[in-house]
Each structure stands twice: as C-alpha cells, then as structure tokens.
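Colleague: Have a peek at coords.cif (mmCIF, C-alpha atoms (C1' of nucleotides)).
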```cif
data_query
#
loop_
_atom_site.label_atom_id
_atom_site.label_comp_id
_atom_site.auth_asym_id
_atom_site.auth_seq_id
_atom_site.Cartn_x
_atom_site.Cartn_y
_atom_site.Cartn_z
CA MET A 1 35.06 -3.22 113.43
CA ASN A 2 32.31 -0.62 113.66
CA SER A 3 31.16 -1.70 117.09
CA SER A 4 28.52 0.97 117.50
CA ALA A 5 26.62 0.08 114.34
CA SER A 6 26.98 -3.55 115.31
CA LYS A 7 25.41 -2.93 118.72
CA GLN A 8 22.65 -0.93 117.13
CA ARG A 9 21.90 -3.76 114.70
CA LEU A 10 21.76 -6.19 117.58
CA ARG A 11 19.37 -3.92 119.43
CA LEU A 12 17.13 -3.64 116.39
CA TRP A 13 17.05 -7.41 116.06
CA LEU A 14 15.99 -7.81 119.67
CA GLN A 15 13.25 -5.26 119.19
CA LEU A 16 12.07 -6.83 115.97
CA LEU A 17 11.84 -10.16 117.74
CA LYS A 18 10.06 -8.70 120.72
CA THR A 19 7.58 -6.89 118.52
CA SER A 20 6.76 -10.02 116.53
CA LYS A 21 6.29 -11.99 119.71
CA HIS A 22 4.03 -9.35 121.15
CA ILE A 23 1.81 -9.25 118.08
CA GLU A 24 1.76 -13.03 117.84
CA THR A 25 0.66 -13.30 121.45
CA GLN A 26 -2.24 -10.91 120.85
CA LEU A 27 -3.37 -12.76 117.75
CA ARG A 28 -2.97 -16.17 119.37
CA ASN A 29 -5.12 -15.13 122.30
CA LYS A 30 -7.85 -13.75 120.10
CA LEU A 31 -7.89 -16.81 117.86
CA ARG A 32 -8.19 -19.06 120.89
CA LEU A 33 -10.88 -17.02 122.62
CA GLU A 34 -13.00 -16.19 119.60
CA PHE A 35 -12.49 -19.17 117.33
CA ASP A 36 -11.01 -21.84 119.56
CA THR A 37 -8.10 -22.39 117.20
CA THR A 38 -4.35 -21.84 117.09
CA LEU A 39 -2.00 -19.62 115.15
CA PRO A 40 -0.26 -22.47 113.27
CA ARG A 41 -3.61 -23.83 112.14
CA PHE A 42 -4.70 -20.38 111.05
CA ASP A 43 -1.46 -19.87 109.14
CA VAL A 44 -1.85 -23.14 107.29
CA MET A 45 -5.46 -22.43 106.39
CA SER A 46 -4.50 -18.95 105.27
CA ALA A 47 -1.88 -20.31 102.89
CA LEU A 48 -4.37 -22.85 101.53
CA SER A 49 -7.06 -20.24 101.06
CA ARG A 50 -4.90 -18.41 98.57
CA THR A 51 -4.85 -21.46 96.28
CA PRO A 52 -8.20 -23.24 96.10
CA SER A 53 -6.71 -26.08 94.08
CA GLY A 54 -4.50 -26.85 97.04
CA LEU A 55 -0.83 -26.97 97.86
CA LYS A 56 1.60 -29.84 98.15
CA MET A 57 2.98 -30.54 101.61
CA SER A 58 6.37 -29.30 100.53
CA GLU A 59 4.91 -26.09 99.11
CA LEU A 60 3.20 -25.51 102.43
CA SER A 61 6.36 -25.96 104.44
CA ASP A 62 8.25 -23.67 102.06
CA GLN A 63 5.70 -20.91 102.27
CA LEU A 64 5.32 -21.13 106.02
CA MET A 65 9.04 -21.61 106.55
CA VAL A 66 8.58 -24.57 108.84
CA SER A 67 9.86 -28.13 108.59
CA ASN A 68 8.15 -30.85 106.61
CA GLY A 69 7.43 -32.95 109.64
CA ASN A 70 5.78 -30.02 111.31
CA VAL A 71 3.33 -29.57 108.46
CA THR A 72 2.48 -33.26 108.51
CA GLY A 73 1.32 -32.98 112.11
CA ILE A 74 -0.74 -29.84 111.65
CA ILE A 75 -2.43 -31.21 108.54
CA ASP A 76 -3.12 -34.49 110.34
CA ARG A 77 -5.06 -32.60 112.98
CA LEU A 78 -6.83 -30.26 110.57
CA GLU A 79 -7.83 -33.26 108.47
CA ALA A 80 -9.13 -35.11 111.52
CA ASP A 81 -11.26 -32.04 112.21
CA GLY A 82 -12.58 -31.98 108.65
CA GLN A 83 -11.06 -28.59 107.83
CA VAL A 84 -8.79 -29.83 105.04
CA GLN A 85 -8.47 -32.88 102.83
CA ARG A 86 -5.50 -34.65 101.29
CA VAL A 87 -5.99 -35.45 97.61
CA SER A 88 -3.63 -37.41 95.41
CA VAL A 89 -1.58 -35.71 92.75
CA ASP A 90 -1.89 -37.56 89.49
CA GLY A 91 1.37 -38.28 87.79
CA ASP A 92 3.25 -38.43 91.07
CA ARG A 93 2.27 -40.97 93.66
CA ARG A 94 4.72 -39.59 96.23
CA ALA A 95 3.05 -36.21 96.49
CA THR A 96 -0.13 -35.09 98.23
CA ARG A 97 -2.10 -31.99 97.56
CA VAL A 98 -3.93 -30.45 100.51
CA GLN A 99 -6.95 -28.25 100.12
CA LEU A 100 -9.48 -26.58 102.35
CA SER A 101 -12.72 -28.50 102.70
CA LEU A 102 -16.03 -26.73 102.37
CA ALA A 103 -16.21 -26.46 106.14
CA GLY A 104 -12.63 -25.23 106.23
CA THR A 105 -13.28 -22.54 103.66
CA GLU A 106 -16.35 -21.40 105.52
CA ALA A 107 -14.55 -21.30 108.86
CA PHE A 108 -11.56 -19.52 107.41
CA THR A 109 -13.66 -16.79 105.80
CA HIS A 110 -14.91 -15.69 109.20
CA MET A 111 -11.54 -15.92 110.88
CA ALA A 112 -9.75 -14.03 108.12
CA GLN A 113 -12.11 -11.11 108.40
CA ALA A 114 -11.61 -10.81 112.15
CA HIS A 115 -7.87 -11.38 111.78
CA GLU A 116 -7.50 -8.53 109.30
CA ALA A 117 -9.34 -6.20 111.66
CA TRP A 118 -7.15 -7.21 114.61
CA VAL A 119 -3.99 -6.58 112.63
CA ASP A 120 -5.35 -3.29 111.44
CA GLU A 121 -5.90 -2.23 115.01
CA LEU A 122 -2.55 -3.51 116.28
CA PHE A 123 -0.78 -1.57 113.54
CA GLN A 124 -2.85 1.61 113.91
CA SER A 125 0.21 3.59 114.88
CA LEU A 126 1.73 3.17 111.42
CA ASP A 127 0.59 5.35 108.54
CA GLU A 128 1.14 4.58 104.88
CA THR A 129 4.52 6.27 104.84
CA ASP A 130 5.79 4.16 107.75
CA LEU A 131 4.38 1.00 106.19
CA ALA A 132 6.10 1.57 102.88
CA SER A 133 9.38 2.52 104.48
CA ILE A 134 9.50 -0.49 106.82
CA GLU A 135 8.49 -2.86 104.06
CA SER A 136 11.30 -1.72 101.86
CA SER A 137 13.82 -1.95 104.69
CA LEU A 138 12.76 -5.47 105.64
CA ALA A 139 12.86 -6.95 102.17
CA PRO A 140 16.67 -7.20 101.85
CA LEU A 141 16.92 -8.92 105.24
CA ARG A 142 15.30 -11.99 103.76
CA LYS A 143 18.03 -12.41 101.17
CA THR A 144 21.02 -14.39 102.40
CA PRO A 145 24.06 -12.10 102.06
CA HIS A 146 26.65 -12.93 99.43
CA ASP A 147 25.31 -16.01 97.69
CA MET B 1 -13.43 1.25 106.51
CA ASN B 2 -10.14 2.11 104.87
CA SER B 3 -9.64 -1.27 103.26
CA SER B 4 -6.46 -0.39 101.42
CA ALA B 5 -4.54 0.70 104.49
CA SER B 6 -5.90 -2.35 106.26
CA LYS B 7 -4.56 -4.66 103.55
CA GLN B 8 -1.24 -2.91 103.62
CA ARG B 9 -0.97 -3.34 107.39
CA LEU B 10 -1.75 -7.02 107.00
CA ARG B 11 0.94 -7.35 104.36
CA LEU B 12 3.47 -5.62 106.59
CA TRP B 13 2.62 -7.97 109.44
CA LEU B 14 3.16 -11.01 107.24
CA GLN B 15 6.49 -9.64 106.09
CA LEU B 16 7.55 -8.77 109.61
CA LEU B 17 6.77 -12.32 110.66
CA LYS B 18 8.55 -13.83 107.70
CA THR B 19 11.61 -11.69 108.29
CA SER B 20 11.82 -12.64 111.96
CA LYS B 21 11.45 -16.29 111.10
CA HIS B 22 14.15 -16.07 108.46
CA ILE B 23 16.62 -14.44 110.82
CA GLU B 24 15.74 -16.84 113.61
CA THR B 25 16.37 -19.81 111.32
CA GLN B 26 19.81 -18.50 110.41
CA LEU B 27 20.76 -17.91 114.01
CA ARG B 28 19.34 -21.24 115.18
CA ASN B 29 21.38 -23.10 112.57
CA LYS B 30 24.58 -21.33 113.48
CA LEU B 31 24.08 -21.87 117.19
CA ARG B 32 23.51 -25.56 116.60
CA LEU B 33 26.41 -26.06 114.23
CA GLU B 34 28.99 -23.95 116.03
CA PHE B 35 27.99 -24.27 119.67
CA ASP B 36 25.66 -27.25 119.76
CA THR B 37 22.96 -25.27 121.53
CA THR B 38 19.51 -23.87 120.84
CA LEU B 39 18.01 -20.43 120.47
CA PRO B 40 15.83 -20.62 123.61
CA ARG B 41 18.84 -21.62 125.69
CA PHE B 42 20.87 -18.80 124.20
CA ASP B 43 18.09 -16.30 124.89
CA VAL B 44 17.85 -17.33 128.51
CA MET B 45 21.58 -17.14 129.01
CA SER B 46 21.66 -13.77 127.31
CA ALA B 47 19.06 -12.37 129.69
CA LEU B 48 20.96 -13.80 132.66
CA SER B 49 24.26 -12.38 131.47
CA ARG B 50 22.93 -8.87 131.77
CA THR B 51 22.36 -9.34 135.51
CA PRO B 52 25.16 -11.28 137.21
CA SER B 53 23.23 -11.42 140.48
CA GLY B 54 20.59 -13.41 138.66
CA LEU B 55 16.93 -13.11 137.77
CA LYS B 56 13.86 -14.63 139.31
CA MET B 57 11.99 -17.15 137.19
CA SER B 58 9.13 -14.71 136.76
CA GLU B 59 11.49 -11.93 135.69
CA LEU B 60 12.92 -14.27 133.09
CA SER B 61 9.55 -15.17 131.65
CA ASP B 62 8.55 -11.49 131.58
CA GLN B 63 11.68 -10.43 129.76
CA LEU B 64 11.57 -13.27 127.28
CA MET B 65 7.81 -13.03 126.85
CA VAL B 66 7.25 -16.72 127.33
CA SER B 67 5.17 -18.63 129.86
CA ASN B 68 6.36 -19.56 133.34
CA GLY B 69 6.21 -23.25 132.67
CA ASN B 70 8.35 -22.81 129.61
CA VAL B 71 11.13 -21.16 131.59
CA THR B 72 11.01 -23.91 134.18
CA GLY B 73 11.81 -26.50 131.53
CA ILE B 74 14.63 -24.57 129.90
CA ILE B 75 16.24 -23.79 133.25
CA ASP B 76 15.90 -27.44 134.30
CA ARG B 77 17.96 -28.48 131.30
CA LEU B 78 20.49 -25.67 131.60
CA GLU B 79 20.93 -26.49 135.26
CA ALA B 80 21.40 -30.18 134.52
CA ASP B 81 24.15 -29.12 132.12
CA GLY B 82 25.81 -26.96 134.74
CA GLN B 83 25.28 -23.72 132.82
CA VAL B 84 23.09 -22.05 135.44
CA GLN B 85 22.25 -22.51 139.09
CA ARG B 86 19.12 -21.87 141.13
CA VAL B 87 19.77 -20.00 144.36
CA SER B 88 17.23 -19.18 147.03
CA VAL B 89 15.96 -15.67 147.52
CA ASP B 90 16.10 -14.71 151.15
CA GLY B 91 12.96 -13.19 152.50
CA ASP B 92 10.77 -15.09 150.06
CA ARG B 93 10.79 -18.83 150.07
CA ARG B 94 8.51 -19.05 147.03
CA ALA B 95 10.97 -17.41 144.69
CA THR B 96 14.13 -18.68 143.03
CA ARG B 97 16.91 -16.63 141.59
CA VAL B 98 18.75 -18.09 138.62
CA GLN B 99 22.26 -17.10 137.69
CA LEU B 100 24.85 -18.17 135.17
CA SER B 101 27.44 -20.54 136.59
CA LEU B 102 31.14 -19.95 135.93
CA ALA B 103 30.97 -22.42 133.06
CA GLY B 104 27.82 -20.76 131.77
CA THR B 105 29.39 -17.32 131.83
CA GLU B 106 32.43 -18.61 130.01
CA ALA B 107 30.35 -20.40 127.37
CA PHE B 108 28.08 -17.42 126.88
CA THR B 109 30.95 -15.01 126.34
CA HIS B 110 32.07 -16.94 123.29
CA MET B 111 28.58 -17.39 121.91
CA ALA B 112 27.62 -13.75 122.39
CA GLN B 113 30.59 -12.55 120.42
CA ALA B 114 29.77 -14.82 117.48
CA HIS B 115 26.08 -13.99 117.76
CA GLU B 116 26.68 -10.26 117.52
CA ALA B 117 28.79 -10.75 114.42
CA TRP B 118 26.11 -12.93 112.80
CA VAL B 119 23.43 -10.34 113.46
CA ASP B 120 25.69 -7.61 112.17
CA GLU B 121 26.11 -9.50 108.94
CA LEU B 122 22.43 -10.40 108.58
CA PHE B 123 21.51 -6.73 109.04
CA GLN B 124 24.25 -5.36 106.82
CA SER B 125 21.71 -3.90 104.42
CA LEU B 126 20.52 -1.42 107.04
CA ASP B 127 22.44 1.75 107.73
CA GLU B 128 22.11 3.89 110.84
CA THR B 129 19.28 5.91 109.36
CA ASP B 130 17.23 2.79 108.58
CA LEU B 131 17.95 1.37 112.01
CA ALA B 132 16.79 4.46 113.83
CA SER B 133 13.70 4.83 111.69
CA ILE B 134 12.59 1.23 112.06
CA GLU B 135 13.25 1.24 115.78
CA SER B 136 11.05 4.25 116.28
CA SER B 137 8.29 2.77 114.15
CA LEU B 138 8.31 -0.53 116.00
CA ALA B 139 8.20 0.87 119.50
CA PRO B 140 4.52 1.88 119.50
CA LEU B 141 3.48 -1.56 118.24
CA ARG B 142 4.44 -3.03 121.58
CA LYS B 143 1.99 -0.83 123.44
CA THR B 144 -1.51 -2.26 123.62
CA PRO B 145 -3.83 0.31 122.00
CA HIS B 146 -6.24 2.24 124.18
CA ASP B 147 -5.44 1.10 127.70
"C1'" DC C 1 17.40 -52.61 82.38
"C1'" DC C 2 19.15 -51.51 86.82
"C1'" DT C 3 21.62 -49.13 89.83
"C1'" DA C 4 22.31 -44.61 91.68
"C1'" DT C 5 20.50 -40.43 93.06
"C1'" DA C 6 17.00 -37.17 93.85
"C1'" DT C 7 12.32 -35.85 95.45
"C1'" DG C 8 8.09 -35.90 98.47
"C1'" DT C 9 6.36 -37.27 102.56
"C1'" DT C 10 6.11 -39.48 107.11
"C1'" DT C 11 8.16 -41.14 111.32
"C1'" DT C 12 11.02 -40.70 115.38
"C1'" DA C 13 13.33 -38.57 119.19
"C1'" DT C 14 13.87 -34.57 121.60
"C1'" DG C 15 13.03 -30.07 122.97
"C1'" DC C 16 10.04 -25.89 123.05
"C1'" DT C 17 5.57 -23.65 124.08
"C1'" DT C 18 1.20 -22.80 125.81
"C1'" DG C 19 -2.79 -22.65 129.03
"C1'" DA C 20 -4.64 -24.55 132.94
"C1'" DA C 21 -4.37 -26.75 137.27
"C1'" DG C 22 -1.75 -27.67 141.39
"C1'" DT C 23 1.60 -26.58 145.42
"C1'" DT C 24 3.73 -23.71 148.55
"C1'" DT C 25 4.52 -19.43 150.70
"C1'" DA C 26 3.15 -14.35 151.34
"C1'" DT C 27 -0.05 -10.79 151.98
"C1'" DT C 28 -4.43 -8.83 152.92
"C1'" DT C 29 -9.03 -8.74 154.92
"C1'" DT C 30 -12.16 -9.36 158.33
"C1'" DA D 1 -5.51 -14.88 164.31
"C1'" DA D 2 -8.19 -17.17 160.77
"C1'" DA D 3 -9.74 -17.02 156.28
"C1'" DA D 4 -9.46 -15.33 151.80
"C1'" DT D 5 -6.60 -13.76 148.08
"C1'" DA D 6 -2.52 -13.19 145.65
"C1'" DA D 7 2.11 -14.38 144.06
"C1'" DA D 8 5.98 -17.56 142.56
"C1'" DC D 9 6.86 -21.74 140.79
"C1'" DT D 10 6.11 -26.41 139.00
"C1'" DT D 11 3.45 -29.94 136.84
"C1'" DC D 12 0.51 -31.64 133.26
"C1'" DA D 13 -1.57 -32.53 128.80
"C1'" DA D 14 -1.64 -31.20 124.31
"C1'" DG D 15 0.17 -29.18 120.40
"C1'" DC D 16 4.10 -27.09 117.83
"C1'" DA D 17 8.85 -27.36 116.03
"C1'" DT D 18 13.21 -29.13 114.54
"C1'" DA D 19 16.71 -32.40 112.64
"C1'" DA D 20 17.65 -36.78 111.26
"C1'" DA D 21 16.29 -41.23 109.64
"C1'" DA D 22 13.17 -44.05 107.08
"C1'" DC D 23 10.11 -44.98 103.23
"C1'" DA D 24 8.18 -44.66 98.82
"C1'" DT D 25 8.27 -43.22 94.24
"C1'" DA D 26 10.65 -40.73 90.19
"C1'" DT D 27 14.34 -39.66 87.28
"C1'" DA D 28 18.88 -40.35 85.36
"C1'" DG D 29 23.17 -42.60 83.81
"C1'" DG D 30 25.65 -46.35 82.58
#
```
Once you've parsed the file, please lay out its structure as structure tokens.

Modeller:
Amino acid sequence: MNSSASKQRLRLWLQLLKTSKHIETQLRNKLRLEFDTTLPRFDVMSALSRTPSGLKMSELSDQLMVSNGNVTGIIDRLEADGQVQRVSVDGDRRATRVQLSLAGTEAFTHMAQAHEAWVDELFQSLDETDLASIESSLAPLRKTPHD
Amino acid sequence: MNSSASKQRLRLWLQLLKTSKHIETQLRNKLRLEFDTTLPRFDVMSALSRTPSGLKMSELSDQLMVSNGNVTGIIDRLEADGQVQRVSVDGDRRATRVQLSLAGTEAFTHMAQAHEAWVDELFQSLDETDLASIESSLAPLRKTPHD
DNA sequence: CCTATATGTTTTATGCTTGAAGTTTATTTT
DNA sequence: AAAATAAACTTCAAGCATAAAACATATAGG
C-alpha cells in the first residue's frame, strides 16, 4: 500500500482537473464575449468541421464523450439557429447524419482561428519538449486498466 | 506565427480535456454505483472535509471554481439530506459557514478512501517522475498570462 | 416468417452550471 | 449620518449533462 505515491496521484488528479477547469473558463468567456456562443456548441461544430460529410448522432456523442441525449439537445438548438442540418442516412432509417450548414461552416471558420490563438496563448508556458512529454504521459490514462 | 507549435498546443489541450473527461466519467460511475452520489456532491464534501470548522459559500465556490449560484444549489440538496449544515458567521450576518454534519463526515470518510484507491488505479501508468514532471508543467497554466 | 435482440435516436426526470439580476448586510465616501 | 459602493448569498432563466425509459428500425435465429 504505497500511500505516498497514492497521495501524489490524487494530488495530480486534482491539479489536472483544476487546470482543465481554468482553461475551460477562459475559453468559455471568450467564446461568449466575442462570438456569443457556448463551449458545447463550439465543440460540436468543431467535431463536425473535421468531417464535411457529417457525423451520425452516435458518432458525435462518442467523439465528444457525452451522452446521446445531450447531443440531441445541442443539435436541436444549433439546427434551430441554422448552424447545422440533419440529413437522412440512406440504408438506415433510424440514423441521422448531422452536418454544418453553409452559415455554420462560415461561422466556425472565424471561431476556430480565434480559438487556436487563445489556446496558443494560454499554453505559452509549454515548449515543444513539455508538450511531447505531457502528451505521452496522458495517453495511457485514457485506456481502462486491465481489460 | 509559429503555426506548428500552435497546432501542437491545441492538440495537447484537446487531449488534456479528453483525459479529464475520461477520468471524471470513471469516477462519476463508481460514485453512483457504490455510494449513490454524484461528483459535484463529492467535491463539495471533500473541500469541507479539509476544514472541519467549515467554509463560507464564497470560499467553496472559489476553491471549486464554480459559480456562487451553483454552490447554493448543491448545498441546498446536501443540507436536505443531512450531510452538511449551514451555521451563521458571527460578526457578518451576510455570510454563512457550511460544515459537514456528523453523518456527512462519516459518509465522506468511506467515500474518500475508495476514491483515493480508484484514482491510484486510474493513474497507475504514471510513476513518481512522471507525476512530478506533469505537476510542474501544469502549474503555470493556471496563471493568467501577463497580469 | 416471426420472434428476439441489437442499434440509433429521442424523451423524460433530475441535477448541475452559468451569467445576470435581486436581496440583505457591511463598508466607504462625502 | 446619509448616500454610494461593495460584498455575500440567493434566485432566476436558460442551457448543459446524465441515466433510464421509450420508440423506431435493423438484423438474426429458429
């Protein structure tokens, strides 16, 4: 029962969480002030922008790691605002594919540019060595142990 | 405009976020299944447990980095369940101090023990060198640049 | 076939979260 | 001391989030 390593892991987790929250807060504020939008909406649009042909609802919730019902709500609102559209998937009448509309693509292009610059600034303190080392340390954390 | 470092920072941010979300999901599930509680409730109780004399509402929202109104709601529910109690602060009738009740302290003791073990397991892949190096890299991210 | 089971999405109930506005009490300014 | 300002909470409206149930369509197995 290596209690000291255990405590240190716990402390790292709390710091990881706190850091994420801090960055999220910064980005949320900027998105609201400069583009009058929210982080969840931005995240959804970002995922969609990487696949112009669109993503199924379930693919969206997988990628964003949020529940299905959650995605339904966000897409409902984005669709009402004309930023995305639901199109039917042929060959499967259960599924829906969601894609950015023209307006959505246009809006996202501007936001993405600003967003990248904000992140760049927030992460200024890290040089390429730090980046690579943290990335490689984080990767195994996303694998569930022993299964 | 060092675009490559900028892209790498963005990628790190997305991975940081994804990692936090993954860990949070694991912990949330275990808290629900084993203790029938939620992560926000656990976080509040954890903060309170570190200061038996209690914390003011504003101290809680500072520490947890959530809004005031949010804390009000969580404390309302915890209080209704007898896990915490609001006590008045003498010398300032605006403020409230919140502290764990006897039942809350008892419940938290069990949860904290399990929680530490879960985190220890989720972070197994990191040894003390990794832990120290990540901790020191993360710290500057929580300082707002130039101010 | 046709029943069972699995998949894709939405709905429902409840709780979390935010930002802004409101209330009450303290502190500062004039 | 009165008026302005600030601080500590709570309330409110809207959106985000989850888990579980419901619904609709697909895919298998007998």

Colleague: Mind listing as an MDAnalysis selection string which residues of chain A are within 8 Å of chain B, counting all atoms listed in the file?

Modeller: chainID A and resid 5:10 12:13 15:23 65 116:117 119:123 125:126 128 130:131 134:135 137:142 144:145

Colleague: Sort by chain and increasing residue number a table of all residues of chain A within 12 Å of chain D, each with its closest pair of atoms and their distance in Å to one decimal, counting all atoms listed in the file, and write it as JSON lines.

Modeller:
```
{"residue": "A:Thr37", "atom": "CA", "partner": "D:DG15", "partner_atom": "C1'", "distance": 11.2}
{"residue": "A:Thr38", "atom": "CA", "partner": "D:DG15", "partner_atom": "C1'", "distance": 9.2}
{"residue": "A:Leu39", "atom": "CA", "partner": "D:DC16", "partner_atom": "C1'", "distance": 10.0}
{"residue": "A:Pro40", "atom": "CA", "partner": "D:DC16", "partner_atom": "C1'", "distance": 7.8}
{"residue": "A:Arg41", "atom": "CA", "partner": "D:DC16", "partner_atom": "C1'", "distance": 10.1}
{"residue": "A:Ser61", "atom": "CA", "partner": "D:DA17", "partner_atom": "C1'", "distance": 11.9}
{"residue": "A:Met65", "atom": "CA", "partner": "D:DA17", "partner_atom": "C1'", "distance": 11.1}
{"residue": "A:Val66", "atom": "CA", "partner": "D:DA17", "partner_atom": "C1'", "distance": 7.7}
{"residue": "A:Ser67", "atom": "CA", "partner": "D:DT18", "partner_atom": "C1'", "distance": 6.9}
{"residue": "A:Asn68", "atom": "CA", "partner": "D:DT18", "partner_atom": "C1'", "distance": 9.6}
{"residue": "A:Gly69", "atom": "CA", "partner": "D:DT18", "partner_atom": "C1'", "distance": 8.5}
{"residue": "A:Asn70", "atom": "CA", "partner": "D:DA17", "partner_atom": "C1'", "distance": 6.2}
{"residue": "A:Val71", "atom": "CA", "partner": "D:DA17", "partner_atom": "C1'", "distance": 9.6}
{"residue": "A:Thr72", "atom": "CA", "partner": "D:DC16", "partner_atom": "C1'", "distance": 11.3}
{"residue": "A:Gly73", "atom": "CA", "partner": "D:DC16", "partner_atom": "C1'", "distance": 8.7}
{"residue": "A:Ile74", "atom": "CA", "partner": "D:DC16", "partner_atom": "C1'", "distance": 8.3}
{"residue": "A:Asp76", "atom": "CA", "partner": "D:DG15", "partner_atom": "C1'", "distance": 11.8}
{"residue": "A:Arg77", "atom": "CA", "partner": "D:DG15", "partner_atom": "C1'", "distance": 9.7}
{"residue": "A:Gly91", "atom": "CA", "partner": "D:DA26", "partner_atom": "C1'", "distance": 9.9}
{"residue": "A:Asp92", "atom": "CA", "partner": "D:DT25", "partner_atom": "C1'", "distance": 7.6}
{"residue": "A:Arg93", "atom": "CA", "partner": "D:DT25", "partner_atom": "C1'", "distance": 6.4}
{"residue": "A:Arg94", "atom": "CA", "partner": "D:DT25", "partner_atom": "C1'", "distance": 5.5}
{"residue": "A:Ala95", "atom": "CA", "partner": "D:DT25", "partner_atom": "C1'", "distance": 9.0}
```

Colleague: Atom CA of Ser58 of chain B to atom CA of Ala80 of chain B: how many Å, to one decimal?

Modeller: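 Result for atom CA of Ser58 of chain B versus atom CA of Ala80 of chain B: 19.9 Å, one decimal.
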
Colleague: For the provided coordinates, the residues matched by the PyMOL selection byres ((chain C) within 12 of (chain A)) should be stated as a PyMOL selection string.

Modeller: chain C and resi 7-12+17-19

Colleague: Kindly give the distance, in Å, that separates atom CA of Lys30 of chain B and atom CA of Met111 of chain B, rounded to a single decimal.

Modeller: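 Taking atom CA of Lys30 of chain B as the start and atom CA of Met111 of chain B as the end point, the length is 10.1 Å.
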
Colleague: Please compute the atom CA of Leu48 of chain B-atom CA of Gln99 of chain B distance, one decimal, in Å.

Modeller: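 Calculated distance between atom CA of Leu48 of chain B and atom CA of Gln99 of chain B is 6.2 Å.
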
Colleague: Rank nothing, just name the residue among A:Val44, A:Leu31, A:Val87, A:Ala112 nearest to Asp62 of chain A, using only C-alpha atoms.

Modeller: A:Val44
